[in-house]
$ cat upload-v4.cif   # mmCIF, C-alpha atoms
data_input
loop_
_atom_site.group_PDB
_atom_site.id
_atom_site.type_symbol
_atom_site.label_atom_id
_atom_site.label_comp_id
_atom_site.auth_asym_id
_atom_site.auth_seq_id
_atom_site.Cartn_x
_atom_site.Cartn_y
_atom_site.Cartn_z
ATOM 1 C CA MET A 607 -5.350 26.863 -18.999
ATOM 2 C CA ARG A 608 -3.132 27.366 -15.983
ATOM 3 C CA TYR A 609 -5.147 24.890 -13.878
ATOM 4 C CA LEU A 610 -5.239 22.422 -16.776
ATOM 5 C CA LYS A 611 -1.449 22.264 -16.694
ATOM 6 C CA LEU A 612 -1.653 21.401 -13.005
ATOM 7 C CA ALA A 613 -4.057 18.526 -13.709
ATOM 8 C CA PRO A 614 -1.334 15.807 -13.720
ATOM 9 C CA LEU A 615 -0.020 17.003 -10.331
ATOM 10 C CA ILE A 616 -3.515 17.104 -8.826
ATOM 11 C CA TYR A 617 -4.532 13.695 -10.175
ATOM 12 C CA ILE A 618 -1.274 11.961 -9.226
ATOM 13 C CA SER A 619 -1.438 13.473 -5.714
ATOM 14 C CA ILE A 620 -5.032 12.327 -5.138
ATOM 15 C CA TYR A 621 -4.395 8.843 -6.620
ATOM 16 C CA SER A 622 -1.252 8.373 -4.521
ATOM 17 C CA LEU A 623 -2.903 9.559 -1.317
ATOM 18 C CA ILE A 624 -5.890 7.233 -1.764
ATOM 19 C CA SER A 625 -3.591 4.289 -2.562
ATOM 20 C CA ILE A 626 -1.472 4.908 0.545
ATOM 21 C CA VAL A 627 -4.507 5.205 2.825
ATOM 22 C CA VAL A 628 -6.106 2.043 1.383
ATOM 23 C CA ASP A 629 -2.834 0.113 1.740
ATOM 24 C CA ILE A 630 -2.869 0.614 5.515
ATOM 25 C CA GLN A 631 -4.987 -2.547 5.433
ATOM 26 C CA PRO A 632 -2.755 -5.338 4.027
ATOM 27 C CA GLY A 633 -4.305 -6.834 0.887
ATOM 28 C CA LYS A 634 -6.986 -4.173 0.420
ATOM 29 C CA LEU A 635 -5.315 -2.440 -2.522
ATOM 30 C CA GLY A 636 -4.870 -5.736 -4.354
ATOM 31 C CA SER A 637 -8.499 -6.636 -3.760
ATOM 32 C CA LEU A 638 -9.627 -3.426 -5.457
ATOM 33 C CA PHE A 639 -7.756 -4.488 -8.583
ATOM 34 C CA THR A 640 -9.308 -7.965 -8.497
ATOM 35 C CA GLU A 641 -12.870 -7.000 -7.623
ATOM 36 C CA ASN A 642 -13.041 -3.784 -9.668
ATOM 37 C CA PHE A 643 -10.755 -4.600 -12.581
ATOM 38 C CA ILE A 644 -12.218 -2.259 -15.241
ATOM 39 C CA PRO A 645 -12.509 0.868 -13.035
ATOM 40 C CA TYR A 646 -9.066 0.157 -11.566
ATOM 41 C CA MET A 647 -7.542 -0.149 -15.040
ATOM 42 C CA PHE A 648 -9.287 3.064 -16.115
ATOM 43 C CA PHE A 649 -7.863 5.071 -13.229
ATOM 44 C CA GLY A 650 -4.513 3.349 -13.665
ATOM 45 C CA LEU A 651 -4.488 4.406 -17.315
ATOM 46 C CA LEU A 652 -5.231 7.982 -16.273
ATOM 47 C CA LEU A 653 -2.299 7.767 -13.863
ATOM 48 C CA LEU A 654 -0.018 6.576 -16.664
ATOM 49 C CA ILE A 655 -1.236 9.371 -18.949
ATOM 50 C CA SER A 656 -0.694 11.949 -16.188
ATOM 51 C CA ALA A 657 2.844 10.745 -15.554
ATOM 52 C CA THR A 658 3.602 10.707 -19.303
ATOM 53 C CA VAL A 659 2.232 14.232 -19.763
ATOM 54 C CA SER A 660 4.357 15.490 -16.862
ATOM 55 C CA PHE A 661 7.479 13.855 -18.261
ATOM 56 C CA VAL A 662 6.905 15.068 -21.842
ATOM 57 C CA TRP A 663 6.113 18.582 -20.644
ATOM 58 C CA LEU A 664 9.386 18.644 -18.700
ATOM 59 C CA LEU A 665 11.291 17.559 -21.806
ATOM 60 C CA ILE A 666 9.654 20.261 -23.930
ATOM 61 C CA LEU A 667 10.477 22.955 -21.392
ATOM 62 C CA ALA A 668 14.050 21.693 -21.045
ATOM 63 C CA VAL A 669 14.558 21.839 -24.834
ATOM 64 C CA ARG A 670 13.051 25.307 -25.034
ATOM 65 C CA PHE A 671 15.283 26.545 -22.251
ATOM 66 C CA ALA A 672 18.299 24.999 -23.916
ATOM 67 C CA LEU A 673 17.457 26.681 -27.217
ATOM 68 C CA SER A 674 16.565 29.960 -25.449
ATOM 69 C CA LYS A 675 13.140 29.957 -27.038
ATOM 70 C CA ILE A 676 11.332 31.079 -23.916
ATOM 71 C CA SER A 677 11.053 34.800 -23.468
ATOM 72 C CA LYS A 678 11.899 36.393 -20.138
ATOM 73 C CA ARG A 679 8.237 37.198 -19.659
ATOM 74 C CA LEU A 680 7.316 33.524 -19.838
ATOM 75 C CA ARG A 681 10.242 32.127 -17.858
ATOM 76 C CA HIS A 682 8.525 32.553 -14.484
ATOM 77 C CA LEU A 683 5.426 30.690 -15.680
ATOM 78 C CA ALA A 684 7.597 28.006 -17.258
ATOM 79 C CA LEU A 685 9.546 27.509 -14.030
ATOM 80 C CA THR A 686 6.247 27.153 -12.158
ATOM 81 C CA ASN A 687 5.191 24.438 -14.599
ATOM 82 C CA VAL A 688 8.560 22.712 -14.249
ATOM 83 C CA LYS A 689 8.204 22.633 -10.462
ATOM 84 C CA ALA A 690 4.637 21.303 -10.669
ATOM 85 C CA ASN A 691 5.544 18.499 -13.077
ATOM 86 C CA LEU A 692 8.698 17.576 -11.183
ATOM 87 C CA LEU A 693 6.678 17.424 -7.986
ATOM 88 C CA ALA A 694 4.094 15.186 -9.690
ATOM 89 C CA LEU A 695 6.792 12.699 -10.714
ATOM 90 C CA VAL A 696 8.431 12.809 -7.281
ATOM 91 C CA ILE A 697 5.081 12.068 -5.616
ATOM 92 C CA LEU A 698 4.454 9.215 -8.056
ATOM 93 C CA PHE A 699 7.802 7.516 -7.437
ATOM 94 C CA ALA A 700 7.715 8.174 -3.678
ATOM 95 C CA SER A 701 4.251 6.632 -3.313
ATOM 96 C CA GLY A 702 5.341 3.681 -5.454
ATOM 97 C CA PHE A 703 8.313 3.166 -3.118
ATOM 98 C CA LEU A 704 6.083 3.300 -0.029
ATOM 99 C CA LEU A 705 3.573 0.847 -1.494
ATOM 100 C CA TYR A 706 6.239 -1.596 -2.718
ATOM 101 C CA PHE A 707 7.746 -1.875 0.760
ATOM 102 C CA GLN A 708 4.297 -1.903 2.427
ATOM 103 C CA VAL A 709 5.141 1.161 4.498
ATOM 104 C CA PRO A 710 1.467 2.216 4.957
ATOM 105 C CA ALA A 711 0.586 -1.191 6.466
ATOM 106 C CA LYS A 712 3.667 -1.085 8.674
ATOM 107 C CA ALA A 713 2.768 2.436 9.821
ATOM 108 C CA GLY A 714 -0.804 1.355 10.554
ATOM 109 C CA PHE A 715 0.500 -1.546 12.614
ATOM 110 C CA ALA A 716 2.934 0.723 14.481
ATOM 111 C CA LEU A 717 0.024 2.954 15.516
ATOM 112 C CA SER A 718 -1.856 -0.143 16.706
ATOM 113 C CA TYR A 719 1.169 -1.851 18.283
ATOM 114 C CA PRO A 720 0.180 -1.420 21.970
ATOM 115 C CA GLU A 721 -3.207 -3.050 21.318
ATOM 116 C CA PHE A 722 -1.605 -5.922 19.391
ATOM 117 C CA GLN A 723 0.841 -6.526 22.249
ATOM 118 C CA LYS A 724 -2.098 -6.775 24.661
ATOM 119 C CA ALA A 725 -3.864 -9.131 22.249
ATOM 120 C CA VAL A 726 -0.873 -11.479 22.288
ATOM 121 C CA THR A 727 -1.598 -12.183 25.954
ATOM 122 C CA THR A 728 -5.325 -12.575 25.309
ATOM 123 C CA TYR A 729 -4.898 -15.026 22.423
ATOM 124 C CA SER A 730 -1.793 -16.907 23.611
ATOM 125 C CA ASP A 731 -3.593 -20.155 24.534
ATOM 126 C CA ALA A 732 -1.985 -23.124 22.823
ATOM 127 C CA HIS A 733 -4.831 -23.772 20.374
ATOM 128 C CA TYR A 734 -6.963 -20.626 20.476
ATOM 129 C CA SER A 735 -9.154 -19.815 17.478
ATOM 130 C CA GLY A 736 -11.757 -17.036 17.364
ATOM 131 C CA GLY A 737 -11.873 -13.298 18.005
ATOM 132 C CA LYS A 738 -14.055 -12.367 15.020
ATOM 133 C CA GLY A 739 -15.231 -8.747 15.125
ATOM 134 C CA LYS A 740 -12.776 -7.603 17.790
ATOM 135 C CA ASN A 741 -11.111 -4.236 17.218
ATOM 136 C CA ILE A 742 -7.349 -4.010 17.643
ATOM 137 C CA GLY A 743 -6.110 -0.504 17.015
ATOM 138 C CA LEU A 744 -6.930 0.501 13.438
ATOM 139 C CA TYR A 745 -7.931 -3.029 12.491
ATOM 140 C CA LYS A 746 -10.971 -5.259 12.898
ATOM 141 C CA LEU A 747 -10.290 -8.955 13.302
ATOM 142 C CA GLU A 748 -11.697 -11.522 10.934
ATOM 143 C CA SER A 749 -10.172 -14.163 13.177
ATOM 144 C CA ALA A 750 -7.272 -14.892 15.499
ATOM 145 C CA HIS A 751 -5.429 -18.195 15.691
ATOM 146 C CA SER A 752 -2.736 -19.358 18.074
ATOM 147 C CA ASN A 753 -0.643 -22.452 17.540
ATOM 148 C CA LEU A 754 2.717 -21.628 19.045
ATOM 149 C CA LYS A 755 3.725 -25.260 19.632
ATOM 150 C CA ASN A 756 2.997 -26.651 16.168
ATOM 151 C CA SER A 757 2.903 -24.143 13.305
ATOM 152 C CA GLY A 758 4.274 -21.254 15.330
ATOM 153 C CA GLY A 759 2.906 -17.780 15.824
ATOM 154 C CA ILE A 760 -0.218 -15.979 16.904
ATOM 155 C CA TYR A 761 -2.050 -14.956 13.737
ATOM 156 C CA PHE A 762 -4.379 -11.972 13.489
ATOM 157 C CA LEU A 763 -6.405 -12.167 10.294
ATOM 158 C CA THR A 764 -7.588 -8.652 9.368
ATOM 159 C CA PHE A 765 -8.647 -8.941 5.718
ATOM 160 C CA THR A 766 -9.805 -11.589 3.230
ATOM 161 C CA TYR A 767 -11.103 -11.538 -0.324
ATOM 162 C CA TYR A 768 -12.003 -14.165 -2.883
ATOM 163 C CA ASP A 769 -10.039 -14.565 -6.140
ATOM 164 C CA THR A 770 -10.582 -18.196 -7.300
ATOM 165 C CA ILE A 771 -9.109 -18.928 -3.864
ATOM 166 C CA THR A 772 -9.497 -17.048 -0.586
ATOM 167 C CA ALA A 773 -6.649 -14.590 -0.037
ATOM 168 C CA ASN A 774 -5.857 -13.942 3.625
ATOM 169 C CA TYR A 775 -3.921 -11.010 5.077
ATOM 170 C CA GLY A 776 -3.008 -9.830 8.536
ATOM 171 C CA PHE A 777 -0.308 -9.695 11.181
ATOM 172 C CA VAL A 778 1.471 -12.446 13.055
ATOM 173 C CA TYR A 779 3.571 -12.636 16.199
ATOM 174 C CA LYS A 780 6.576 -15.005 16.268
ATOM 175 C CA PRO A 781 5.796 -17.154 13.223
ATOM 176 C CA PHE A 782 7.959 -19.954 11.869
ATOM 177 C CA VAL A 783 8.944 -18.035 8.737
ATOM 178 C CA GLY A 784 11.106 -20.815 7.325
ATOM 179 C CA GLN A 785 10.051 -24.210 6.022
ATOM 180 C CA SER A 786 7.887 -26.180 8.414
ATOM 181 C CA LYS A 787 6.027 -29.472 8.059
ATOM 182 C CA ALA A 788 3.183 -28.119 10.167
ATOM 183 C CA LYS A 789 0.227 -26.552 8.368
ATOM 184 C CA LYS A 790 0.151 -22.820 9.004
ATOM 185 C CA PRO A 791 -3.036 -20.926 9.866
ATOM 186 C CA PHE A 792 -4.843 -19.225 6.979
ATOM 187 C CA GLY A 793 -2.461 -20.859 4.489
ATOM 188 C CA ALA A 794 0.230 -18.331 5.388
ATOM 189 C CA ASN A 795 3.214 -18.635 3.070
ATOM 190 C CA ASP A 796 4.511 -15.091 2.608
ATOM 191 C CA TYR A 797 5.904 -12.902 5.386
ATOM 192 C CA VAL A 798 7.151 -9.301 5.505
ATOM 193 C CA HIS A 799 9.054 -8.271 8.616
ATOM 194 C CA ILE A 800 7.775 -5.180 10.428
ATOM 195 C CA PHE A 801 9.943 -5.014 13.534
ATOM 196 C CA GLY A 802 10.826 -7.227 16.489
ATOM 197 C CA ASP A 803 8.801 -10.454 16.408
ATOM 198 C CA TRP A 804 6.044 -9.036 14.213
ATOM 199 C CA TYR A 805 5.330 -9.717 10.532
ATOM 200 C CA ILE A 806 2.713 -9.027 7.899
ATOM 201 C CA PHE A 807 1.488 -12.311 6.462
ATOM 202 C CA HIS A 808 -0.273 -13.338 3.270
ATOM 203 C CA GLY A 809 -1.807 -16.741 2.709
ATOM 204 C CA ALA A 810 -4.367 -18.527 0.576
ATOM 205 C CA THR A 811 -6.972 -21.180 1.287
ATOM 206 C CA CYS A 812 -9.378 -23.017 -1.001
#

$ encode --input "upload-v4.cif" --output "structure tokens"
Amino acid sequence: MRYLKLAPLIYISIYSLISIVVDIQPGKLGSLFTENFIPYMFFGLLLLISATVSFVWLLILAVRFALSKISKRLRHLALTNVKANLLALVILFASGFLLYFQVPAKAGFALSYPEFQKAVTTYSDAHYSGGKGKNIGLYKLESAHSNLKNSGGIYFLTFTYYDTITANYGFVYKPFVGQSKAKKPFGANDYVHIFGDWYIFHGATC
């Protein structure tokens, strides 16, 4: 029974950890939802149930404490349960915050930053296109594309998946983030700043 009460904390911790690790690759977490909709919804429902159970259990304990309906003998166990359920909710909201701001992908890029800086020199030719299969830090290139004069930026495509259209994700050095008449590589239209001249990009192609 004791371990059953810890089930929400255990499940939320495992779910959050897996989500954070998967999100190191931009776009990967979203692809799991698209390509494995039913399993993803099942585990998502379990996450919602776990969070609800933790919240309800905290409310019940708070009411019991307020009404002094917990004996001294049970207070220690109750406090342990309170801590476990509070921790579960903290982990849930903290992981949600990290995923929303793409912190795992930014951290993965930071660890790979020296290799990406070297790659900028390698792929800086005015109209370079290629690089498939090359490893750059934690990432494996699908393709690299340089068009600094026209569309701006050196694009490193690291992940694609198909969802009626082809969704493209990766990192880009010195892009033209604003409006530009020039067609951008990989249909890039969404940018998230990492630091300096580097961005995460998302695009779509037919």

$ atom_distance --input "upload-v4.cif" --atom1 "CA of Gly714 (chain A)" --atom2 "CA of Gly758 (chain A)"
23.7 Å

$ resolve_selection --input "upload-v4.cif" --expression "the PyMOL selection byres ((chain A and resi 795) around 9)" --output "VMD selection string"
chain A and resid 783 790 792 to 794 796 to 797 807 to 810

$ residues_around --input "upload-v4.cif" --residues "Tyr779 (chain A)" --least-positions-apart "3" --cutoff "12 Å" --atoms "all atoms listed in the file" --output "PyMOL selection string"
chain A and resi 719+722-727+729-730+750-754+757-763+776+782-783+797-807

$ axis_aligned_box --input "upload-v4.cif" --around "region 616-620 of chain A" --padding-each-side "8 Å" --output "lines of an AutoDock Vina configuration file"
center_x = -3.2
center_y = 14.5
center_z = -7.7
size_x = 19.8
size_y = 21.1
size_z = 21.0

$ residues_around --input "upload-v4.cif" --residues "Leu623 (chain A)" --least-positions-apart "4" --cutoff "12 Å" --atoms "all atoms listed in the file" --output "VMD selection string"
chain A and resid 616 to 619 627 to 630 697 to 698 700 to 702 704 to 705 710

$ resolve_selection --input "upload-v4.cif" --expression "the PyMOL selection byres ((chain A and resi 656) around 12)" --output "ChimeraX atom specification"
/A:610-621,649-655,657-663,691,694-695,698

$ closest_residue --input "upload-v4.cif" --among "A:Phe699, A:Phe639, A:Tyr706, A:Tyr745" --to "Phe765 (chain A)" --atoms "only C-alpha atoms"
A:Tyr745

$ closest_residue --input "upload-v4.cif" --among "A:Met647, A:Ala773, A:Leu665, A:Ile742" --to "Val688 (chain A)" --atoms "all atoms listed in the file"
A:Leu665
